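Next comes data-v1.tsv, with TSV, C-alpha atoms and all ligand atoms.
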chain	number	residue	atom	x	y	z
W	837	MET	CA	95.91	126.50	54.46
W	838	ASN	CA	95.80	122.70	54.53
W	839	LYS	CA	95.94	121.74	58.18
W	840	THR	CA	96.05	118.25	59.55
W	841	LEU	CA	93.48	117.83	62.27
W	842	ALA	CA	92.44	115.21	64.79
W	843	LEU	CA	88.91	114.25	65.74
W	844	GLY	CA	88.59	113.68	69.47
W	845	VAL	CA	85.55	111.88	70.88
W	846	ASP	CA	84.78	111.54	74.57
W	847	ILE	CA	81.97	109.06	75.12
W	848	GLY	CA	80.31	109.52	78.49
W	849	GLY	CA	77.30	108.02	80.22
W	850	THR	CA	75.31	111.24	79.82
W	851	ASN	CA	76.91	113.14	76.95
W	852	SER	CA	79.32	112.37	74.17
W	853	VAL	CA	81.48	115.36	73.32
W	854	PHE	CA	83.54	115.52	70.16
W	855	GLY	CA	85.70	118.11	68.51
W	856	ILE	CA	88.39	118.85	65.99
W	857	SER	CA	91.79	120.16	67.06
W	858	ASP	CA	95.24	120.73	65.65
W	859	ARG	CA	98.58	119.65	67.13
W	860	ASN	CA	98.75	122.84	69.22
W	861	GLY	CA	95.44	122.24	70.93
W	862	SER	CA	93.41	124.85	69.07
W	863	ILE	CA	89.82	123.65	68.79
W	864	TYR	CA	88.13	124.30	65.45
W	865	TYR	CA	84.81	122.70	66.16
W	866	GLU	CA	83.02	121.14	69.11
W	867	GLU	CA	79.68	119.48	69.65
W	868	SER	CA	77.89	117.50	72.34
W	869	LEU	CA	75.25	114.79	71.89
W	870	PRO	CA	73.16	113.00	74.54
W	871	THR	CA	74.60	109.45	74.51
W	872	ARG	CA	71.45	107.72	75.74
W	873	GLU	CA	69.40	108.94	72.77
W	874	PHE	CA	71.37	106.59	70.50
W	875	GLU	CA	70.06	103.06	70.72
W	876	THR	CA	73.17	101.62	69.15
W	877	PRO	CA	76.76	102.87	69.09
W	878	GLY	CA	76.59	102.75	65.29
W	879	GLU	CA	73.88	105.42	65.31
W	880	LEU	CA	76.07	107.69	67.42
W	881	VAL	CA	79.02	107.19	65.06
W	882	ASP	CA	76.79	108.00	62.06
W	883	LYS	CA	75.59	111.20	63.72
W	884	ILE	CA	79.13	112.30	64.55
W	885	TYR	CA	80.17	111.60	60.96
W	886	GLN	CA	77.29	113.71	59.67
W	887	CYS	CA	78.12	116.62	62.02
W	888	VAL	CA	81.83	116.62	61.13
W	889	LYS	CA	81.00	116.44	57.43
W	890	GLU	CA	78.56	119.33	57.63
W	891	ALA	CA	81.13	121.37	59.55
W	892	GLY	CA	83.44	120.92	56.55
W	893	HIS	CA	86.32	119.20	58.38
W	894	LEU	CA	86.09	115.65	57.10
W	895	SER	CA	88.91	115.80	54.55
W	896	LYS	CA	91.40	117.29	57.02
W	897	ILE	CA	91.14	114.59	59.68
W	898	ILE	CA	94.24	112.42	59.98
W	899	GLY	CA	93.00	110.26	62.83
W	900	ILE	CA	90.39	109.75	65.52
W	901	GLY	CA	91.03	109.50	69.25
W	902	ILE	CA	88.31	108.06	71.45
W	903	GLY	CA	88.09	108.20	75.22
W	904	ALA	CA	85.40	106.02	76.80
W	905	PRO	CA	84.71	104.28	80.11
W	906	ASN	CA	86.28	100.80	80.03
W	907	GLY	CA	87.76	101.61	76.63
W	908	ASN	CA	90.43	99.03	75.80
W	909	PHE	CA	93.42	100.32	73.84
W	910	PHE	CA	94.44	96.85	72.63
W	911	SER	CA	91.08	95.44	71.54
W	912	GLY	CA	89.46	98.70	70.39
W	913	THR	CA	86.31	97.75	72.25
W	914	ILE	CA	84.41	99.30	75.12
W	915	GLU	CA	84.09	96.45	77.57
W	916	PHE	CA	81.03	96.16	79.82
W	917	ALA	CA	80.87	99.84	80.75
W	918	PRO	CA	78.37	100.14	83.61
W	919	ASN	CA	77.44	103.75	82.79
W	920	LEU	CA	76.58	103.14	79.13
W	921	THR	CA	73.29	101.77	77.86
W	922	TRP	CA	75.05	99.66	75.20
W	923	SER	CA	75.86	96.44	76.97
W	924	GLY	CA	78.64	93.90	76.48
W	925	LEU	CA	81.49	94.49	74.06
W	926	VAL	CA	81.18	97.54	71.80
W	927	PRO	CA	83.61	97.46	68.81
W	928	ILE	CA	83.85	101.25	68.76
W	929	VAL	CA	87.18	101.51	66.88
W	930	HIS	CA	85.86	99.31	64.08
W	931	LEU	CA	82.69	101.43	63.86
W	932	PHE	CA	84.62	104.71	63.59
W	933	GLU	CA	87.21	103.34	61.17
W	934	SER	CA	84.68	101.89	58.77
W	935	ARG	CA	82.57	105.06	58.78
W	936	PHE	CA	85.38	107.64	58.56
W	937	LYS	CA	87.89	105.53	56.57
W	938	THR	CA	90.72	106.63	58.85
W	939	LYS	CA	92.65	105.23	61.81
W	940	ALA	CA	90.97	105.35	65.23
W	941	ILE	CA	92.52	104.77	68.66
W	942	LEU	CA	90.64	104.03	71.86
W	943	THR	CA	91.56	104.27	75.49
W	944	ASN	CA	89.67	104.79	78.70
W	945	ASP	CA	88.67	108.34	79.60
W	946	ALA	CA	91.16	108.62	82.47
W	947	ASN	CA	94.07	107.58	80.23
W	948	ALA	CA	92.97	110.10	77.60
W	949	ALA	CA	92.99	112.75	80.32
W	950	ALA	CA	96.59	111.83	81.23
W	951	LEU	CA	97.71	112.12	77.60
W	952	GLY	CA	95.87	115.43	77.37
W	953	GLU	CA	97.96	116.70	80.31
W	954	LEU	CA	101.15	115.37	78.71
W	955	ILE	CA	100.59	117.06	75.37
W	956	TYR	CA	98.57	120.17	76.20
W	957	GLY	CA	98.35	120.58	79.97
W	958	ALA	CA	100.16	120.56	83.31
W	959	GLY	CA	102.20	117.49	82.30
W	960	ARG	CA	104.04	119.19	79.45
W	961	GLY	CA	107.78	118.67	79.88
W	962	LEU	CA	107.32	115.86	82.42
W	963	LYS	CA	108.32	112.27	81.66
W	964	ASP	CA	106.79	110.51	84.62
W	965	PHE	CA	103.57	111.63	86.25
W	966	VAL	CA	100.15	110.43	87.27
W	967	SER	CA	96.93	112.26	86.48
W	968	ILE	CA	94.07	111.82	88.90
W	969	THR	CA	90.55	112.77	87.83
W	970	LEU	CA	88.26	113.45	90.77
W	971	GLY	CA	84.80	113.25	89.23
W	972	THR	CA	81.85	110.92	89.68
W	973	GLY	CA	84.51	108.26	90.25
W	974	LEU	CA	88.29	108.52	90.53
W	975	GLY	CA	90.10	108.00	87.24
W	976	SER	CA	93.85	107.69	86.94
W	977	GLY	CA	96.32	107.62	84.09
W	978	VAL	CA	99.95	106.75	84.70
W	979	ILE	CA	102.65	108.12	82.40
W	980	VAL	CA	106.03	106.41	82.55
W	981	ASN	CA	108.81	107.72	80.32
W	982	GLU	CA	106.23	109.74	78.33
W	983	ASN	CA	104.04	106.70	77.67
W	984	LEU	CA	100.81	105.50	79.19
W	985	VAL	CA	100.99	102.33	81.24
W	986	TYR	CA	98.39	99.92	79.82
W	987	GLY	CA	99.30	96.61	81.42
W	988	HIS	CA	98.93	93.31	79.56
W	989	ASP	CA	95.21	93.76	78.90
W	990	GLY	CA	94.77	97.53	78.72
W	991	PHE	CA	93.34	98.00	82.19
W	992	ALA	CA	96.37	99.00	84.26
W	993	CYS	CA	96.40	101.60	87.01
W	994	GLU	CA	92.80	101.70	88.20
W	995	TYR	CA	93.88	103.60	91.30
W	996	GLY	CA	90.27	104.54	92.10
W	997	HIS	CA	89.63	100.90	93.01
W	998	ILE	CA	92.61	100.36	95.24
W	999	ARG	CA	91.10	99.54	98.61
W	1000	VAL	CA	92.27	102.04	101.19
W	1001	ILE	CA	89.92	101.34	104.10
W	1002	PRO	CA	89.48	97.65	105.01
W	1003	ASP	CA	85.77	96.79	104.90
W	1004	GLY	CA	84.99	100.45	104.20
W	1005	ARG	CA	82.35	102.07	102.02
W	1006	SER	CA	80.60	99.95	99.40
W	1007	CYS	CA	81.85	100.64	95.89
W	1008	GLY	CA	80.09	100.36	92.53
W	1009	CYS	CA	82.65	97.68	91.61
W	1010	GLY	CA	81.10	95.36	94.21
W	1011	ARG	CA	83.91	95.59	96.73
W	1012	LYS	CA	84.45	97.74	99.81
W	1013	GLY	CA	86.75	100.58	100.81
W	1014	CYS	CA	87.90	101.69	97.34
W	1015	LEU	CA	89.66	105.06	97.12
W	1016	GLU	CA	86.97	106.55	94.91
W	1017	THR	CA	84.25	105.96	97.49
W	1018	TYR	CA	86.03	108.56	99.67
W	1019	THR	CA	87.83	111.01	97.42
W	1020	SER	CA	85.75	111.35	94.24
W	1021	ALA	CA	83.11	114.08	94.09
W	1022	THR	CA	80.56	111.39	94.92
W	1023	GLY	CA	82.69	110.22	97.84
W	1024	VAL	CA	82.93	113.74	99.27
W	1025	VAL	CA	79.14	114.02	99.19
W	1026	ARG	CA	78.86	110.62	100.91
W	1027	SER	CA	81.02	111.97	103.72
W	1028	ILE	CA	78.25	114.46	104.59
W	1029	THR	CA	76.05	111.60	105.76
W	1030	GLU	CA	78.67	109.00	106.63
W	1031	LEU	CA	81.25	111.01	108.56
W	1032	GLU	CA	80.58	111.41	112.27
W	1033	SER	CA	81.38	114.75	113.87
W	1034	GLU	CA	80.45	116.88	116.86
W	1035	HIS	CA	80.18	119.84	114.46
W	1036	LYS	CA	77.64	118.12	112.25
W	1037	ALA	CA	74.54	119.42	114.06
W	1038	ASN	CA	75.65	123.04	113.64
W	1039	SER	CA	76.60	122.72	109.98
W	1040	SER	CA	74.45	124.31	107.25
W	1041	LEU	CA	75.83	121.66	104.92
W	1042	VAL	CA	73.60	118.92	106.28
W	1043	LYS	CA	70.50	121.05	105.60
W	1044	ILE	CA	71.04	121.17	101.82
W	1045	ALA	CA	68.69	118.82	99.97
W	1046	ASP	CA	71.03	117.60	97.21
W	1047	PRO	CA	74.47	118.80	98.17
W	1048	ARG	CA	77.35	118.82	95.67
W	1049	ALA	CA	81.03	118.28	96.38
W	1050	ASP	CA	81.93	121.84	95.38
W	1051	GLN	CA	79.53	123.13	98.04
W	1052	VAL	CA	81.47	121.21	100.68
W	1053	PHE	CA	84.60	123.10	99.62
W	1054	GLU	CA	82.73	126.44	99.50
W	1055	PHE	CA	81.34	125.93	103.00
W	1056	ALA	CA	84.76	124.92	104.29
W	1057	ALA	CA	86.26	128.10	102.86
W	1058	SER	CA	83.66	130.17	104.69
W	1059	GLY	CA	84.41	128.55	108.04
W	1060	ASP	CA	81.89	125.71	108.38
W	1061	LYS	CA	83.67	123.36	110.78
W	1062	PHE	CA	82.03	120.15	109.56
W	1063	ALA	CA	82.76	121.04	105.92
W	1064	GLU	CA	86.39	121.69	106.92
W	1065	GLU	CA	86.52	118.26	108.52
W	1066	ILE	CA	85.27	116.65	105.31
W	1067	VAL	CA	87.89	118.48	103.25
W	1068	ASP	CA	90.62	117.41	105.70
W	1069	TYR	CA	89.36	113.83	105.75
W	1070	THR	CA	89.31	113.71	101.94
W	1071	ALA	CA	92.80	115.21	101.71
W	1072	LYS	CA	94.10	112.75	104.28
W	1073	ILE	CA	92.82	109.67	102.47
W	1074	LEU	CA	93.96	110.95	99.07
W	1075	GLY	CA	97.35	112.11	100.39
W	1076	ASP	CA	97.99	108.73	102.05
W	1077	ALA	CA	97.02	106.91	98.86
W	1078	LEU	CA	99.25	109.09	96.67
W	1079	ALA	CA	102.14	108.41	99.05
W	1080	ASP	CA	101.69	104.67	98.49
W	1081	PHE	CA	101.18	104.98	94.71
W	1082	ALA	CA	104.62	106.62	94.50
W	1083	CYS	CA	106.14	103.19	95.18
W	1084	PHE	CA	104.87	101.98	91.82
W	1085	SER	CA	106.13	104.48	89.26
W	1086	SER	CA	108.07	107.13	91.23
W	1087	PRO	CA	106.28	110.02	89.51
W	1088	SER	CA	107.64	113.57	89.53
W	1089	ALA	CA	104.10	114.90	89.89
W	1090	TYR	CA	100.49	114.07	90.51
W	1091	ILE	CA	98.16	116.21	88.42
W	1092	LEU	CA	94.72	116.66	89.92
W	1093	PHE	CA	91.76	117.24	87.62
W	1094	GLY	CA	88.05	117.73	88.27
W	1095	GLY	CA	85.77	119.97	90.28
W	1096	ILE	CA	87.41	119.14	93.61
W	1097	ALA	CA	90.87	119.96	92.28
W	1098	GLN	CA	89.51	123.18	90.82
W	1099	SER	CA	88.58	124.31	94.30
W	1100	GLY	CA	92.16	125.51	94.38
W	1101	GLN	CA	95.48	125.39	96.10
W	1102	THR	CA	94.12	124.90	99.62
W	1103	PHE	CA	93.05	121.33	98.92
W	1104	ALA	CA	96.17	120.60	96.85
W	1105	LYS	CA	98.37	121.83	99.71
W	1106	LYS	CA	96.54	119.66	102.22
W	1107	VAL	CA	96.97	116.62	99.98
W	1108	LYS	CA	100.65	117.45	99.53
W	1109	THR	CA	101.23	117.82	103.30
W	1110	GLN	CA	99.54	114.50	103.99
W	1111	MET	CA	101.35	112.77	101.15
W	1112	GLU	CA	104.75	113.97	102.39
W	1113	LYS	CA	104.02	112.54	105.85
W	1114	GLY	CA	103.34	109.14	104.33
W	1115	LEU	CA	106.06	108.93	101.69
W	1116	LEU	CA	108.90	106.47	101.89
W	1117	HIS	CA	111.99	108.60	102.61
W	1118	ILE	CA	113.50	108.07	99.15
W	1119	TYR	CA	110.53	109.91	97.60
W	1120	LYS	CA	110.23	112.78	100.08
W	1121	ASP	CA	110.28	116.36	98.69
W	1122	LYS	CA	110.51	115.04	95.15
W	1123	ILE	CA	106.86	114.84	94.07
W	1124	GLU	CA	104.78	117.86	93.11
W	1125	ILE	CA	101.02	118.11	93.36
W	1126	ARG	CA	99.86	120.12	90.35
W	1127	ILE	CA	96.39	121.25	89.43
W	1128	SER	CA	95.33	120.54	85.85
W	1129	THR	CA	95.50	123.44	83.43
W	1130	LEU	CA	92.84	121.86	81.24
W	1131	HIS	CA	89.91	122.89	83.39
W	1132	ASP	CA	87.46	123.84	80.75
W	1133	LYS	CA	84.98	122.14	78.50
W	1134	ASN	CA	87.65	121.23	75.95
W	1135	ALA	CA	89.62	118.97	78.28
W	1136	ALA	CA	87.86	115.74	77.27
W	1137	VAL	CA	88.12	116.51	73.56
W	1138	LEU	CA	91.78	117.49	73.82
W	1139	GLY	CA	92.51	114.34	75.79
W	1140	ALA	CA	90.93	112.22	73.06
W	1141	CYS	CA	92.71	114.19	70.29
W	1142	SER	CA	96.03	113.69	72.04
W	1143	LEU	CA	95.74	109.95	71.29
W	1144	VAL	CA	96.18	110.81	67.61
W	1145	TRP	CA	99.20	113.08	68.17
W	1146	LYS	CA	100.84	110.70	70.64
W	1147	LYS	CA	100.67	107.91	68.06
U	1	ZN	ZN	85.76	99.87	93.65

I'd like the structure from this file rewritten - as structure tokens, please.
Amino acid sequence: MNKTLALGVDIGGTNSVFGISDRNGSIYYEESLPTREFETPGELVDKIYQCVKEAGHLSKIIGIGIGAPNGNFFSGTIEFAPNLTWSGLVPIVHLFESRFKTKAILTNDANAAALGELIYGAGRGLKDFVSITLGTGLGSGVIVNENLVYGHDGFACEYGHIRVIPDGRSCGCGRKGCLETYTSATGVVRSITELESEHKANSSLVKIADPRADQVFEFAASGDKFAEEIVDYTAKILGDALADFACFSSPSAYILFGGIAQSGQTFAKKVKTQMEKGLLHIYKDKIEIRISTLHDKNAAVLGACSLVWKK
């Protein structure tokens, strides 16, 4: 059977994951490489080429989708990504196209995630939605009329860096009070030290050496009062922000992705309740909060592959 397949590549600060999928989202091959071990992006591209060739899929690939931090759809370059060791402008599309002799498309990882939801995930059948990735940072991809919003330069809809608390927590972008400093996984962990509470002294959470965001949610579920406060605080800030974001694209849903979202319906319900309180009346009871259905290791690869199918 002669299938037509897409190569999806998700370039991350720690690992680069790539895989081959068909239009239905079946994955035929997947591999992960440590990004930092490649001194130049060209070396990474060569290694991926070699792996795909050895796996016997090279001749079936009709296109390459790439998701990367600060990946610019229009220029095909990764632009000054703080988490990557390759500095400046990285012409990643050119590198893939000249090595594989096929068309490559780049976008940032959060946009790839949104397309992944549209084509394979919780966004199927929706025309207007926003996907929110709650990871190390907060990534967002905005779909309007089944298309990603890129803006004039490819960097539209960086909701994670909308400032929600005036003069609030310092952000990696150099400014203060950005949404992601409160509601990303990293932000939730920051709340353990930065949130004041009368229940703090009695919480087992503060005794953990290197706490993770998912532990905050676990502790909250088992009745730790301080952990519950952090979950409520996170849901309040995110819910308020989502209420305001509705004014931009009037989405029919927000799709939450990432470890925090995976903690289940309790958090999603809290976000929804808070969002409803803050919505302009014309949007009330019209916007769903959905949890991503792509919560497995293939999500990044499928998101990148979806760039090829969406084309
Ligand atoms: Zn910021």

List all protein, DNA and RNA residues that have an atom no more than 7 Å from any atom of ligand ZN 1 (chain U), counting all atoms listed in the file, and report them as a PyMOL selection string. chain W and resi 996-997+1007-1012+1014+1016

Have a look at W:Ala1049, W:Ile1001, W:Leu954, W:Ala992 and name the one nearest to Thr1022 in chain W; count only C-alpha atoms.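 Checking each of W:Ala1049, W:Ile1001, W:Leu954, W:Ala992 against Thr1022 in chain W, counting only C-alpha atoms, the winner is W:Ala1049.
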
In Å, how far is it from CA of Asp882 in chain W to CA of Arg935 in chain W? 7.3 Å

Nearest residue to His930 in chain W out of W:Ile902, W:Ile1123, W:Ala1057, W:Leu1074, using all atoms listed in the file? W:Ile902

Minimum-distance residue to Ser857 in chain W, chosen among W:Trp1145, W:Phe1081, W:Phe909, W:Tyr1018 (using all atoms listed in the file):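 The answer is W:Trp1145, which sits nearest to Ser857 in chain W.
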
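Every protein, DNA or RNA residue with an atom at most 7 Å from range 1124-1136 of chain W, where all atoms listed in the file count and chain neighbours fewer than 6 positions away do not, is listed here: Asp846, Ala949, Gly957, Ala958, Ser1088, Ala1089, Tyr1090, Ile1091, Leu1092, Phe1093, Ala1097, Ala1104 and Lys1108 of chain W.
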
What is the CA of Asp1003 in chain W-CA of Ala1056 in chain W distance in Å, reported with one decimal?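 One can read the CA of Asp1003 in chain W to CA of Ala1056 in chain W distance as 28.2 Å.
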
Can you tell me how far CA of Val1107 in chain W sits from CA of Thr1019 in chain W, in Å to one decimal? 11.0 Å
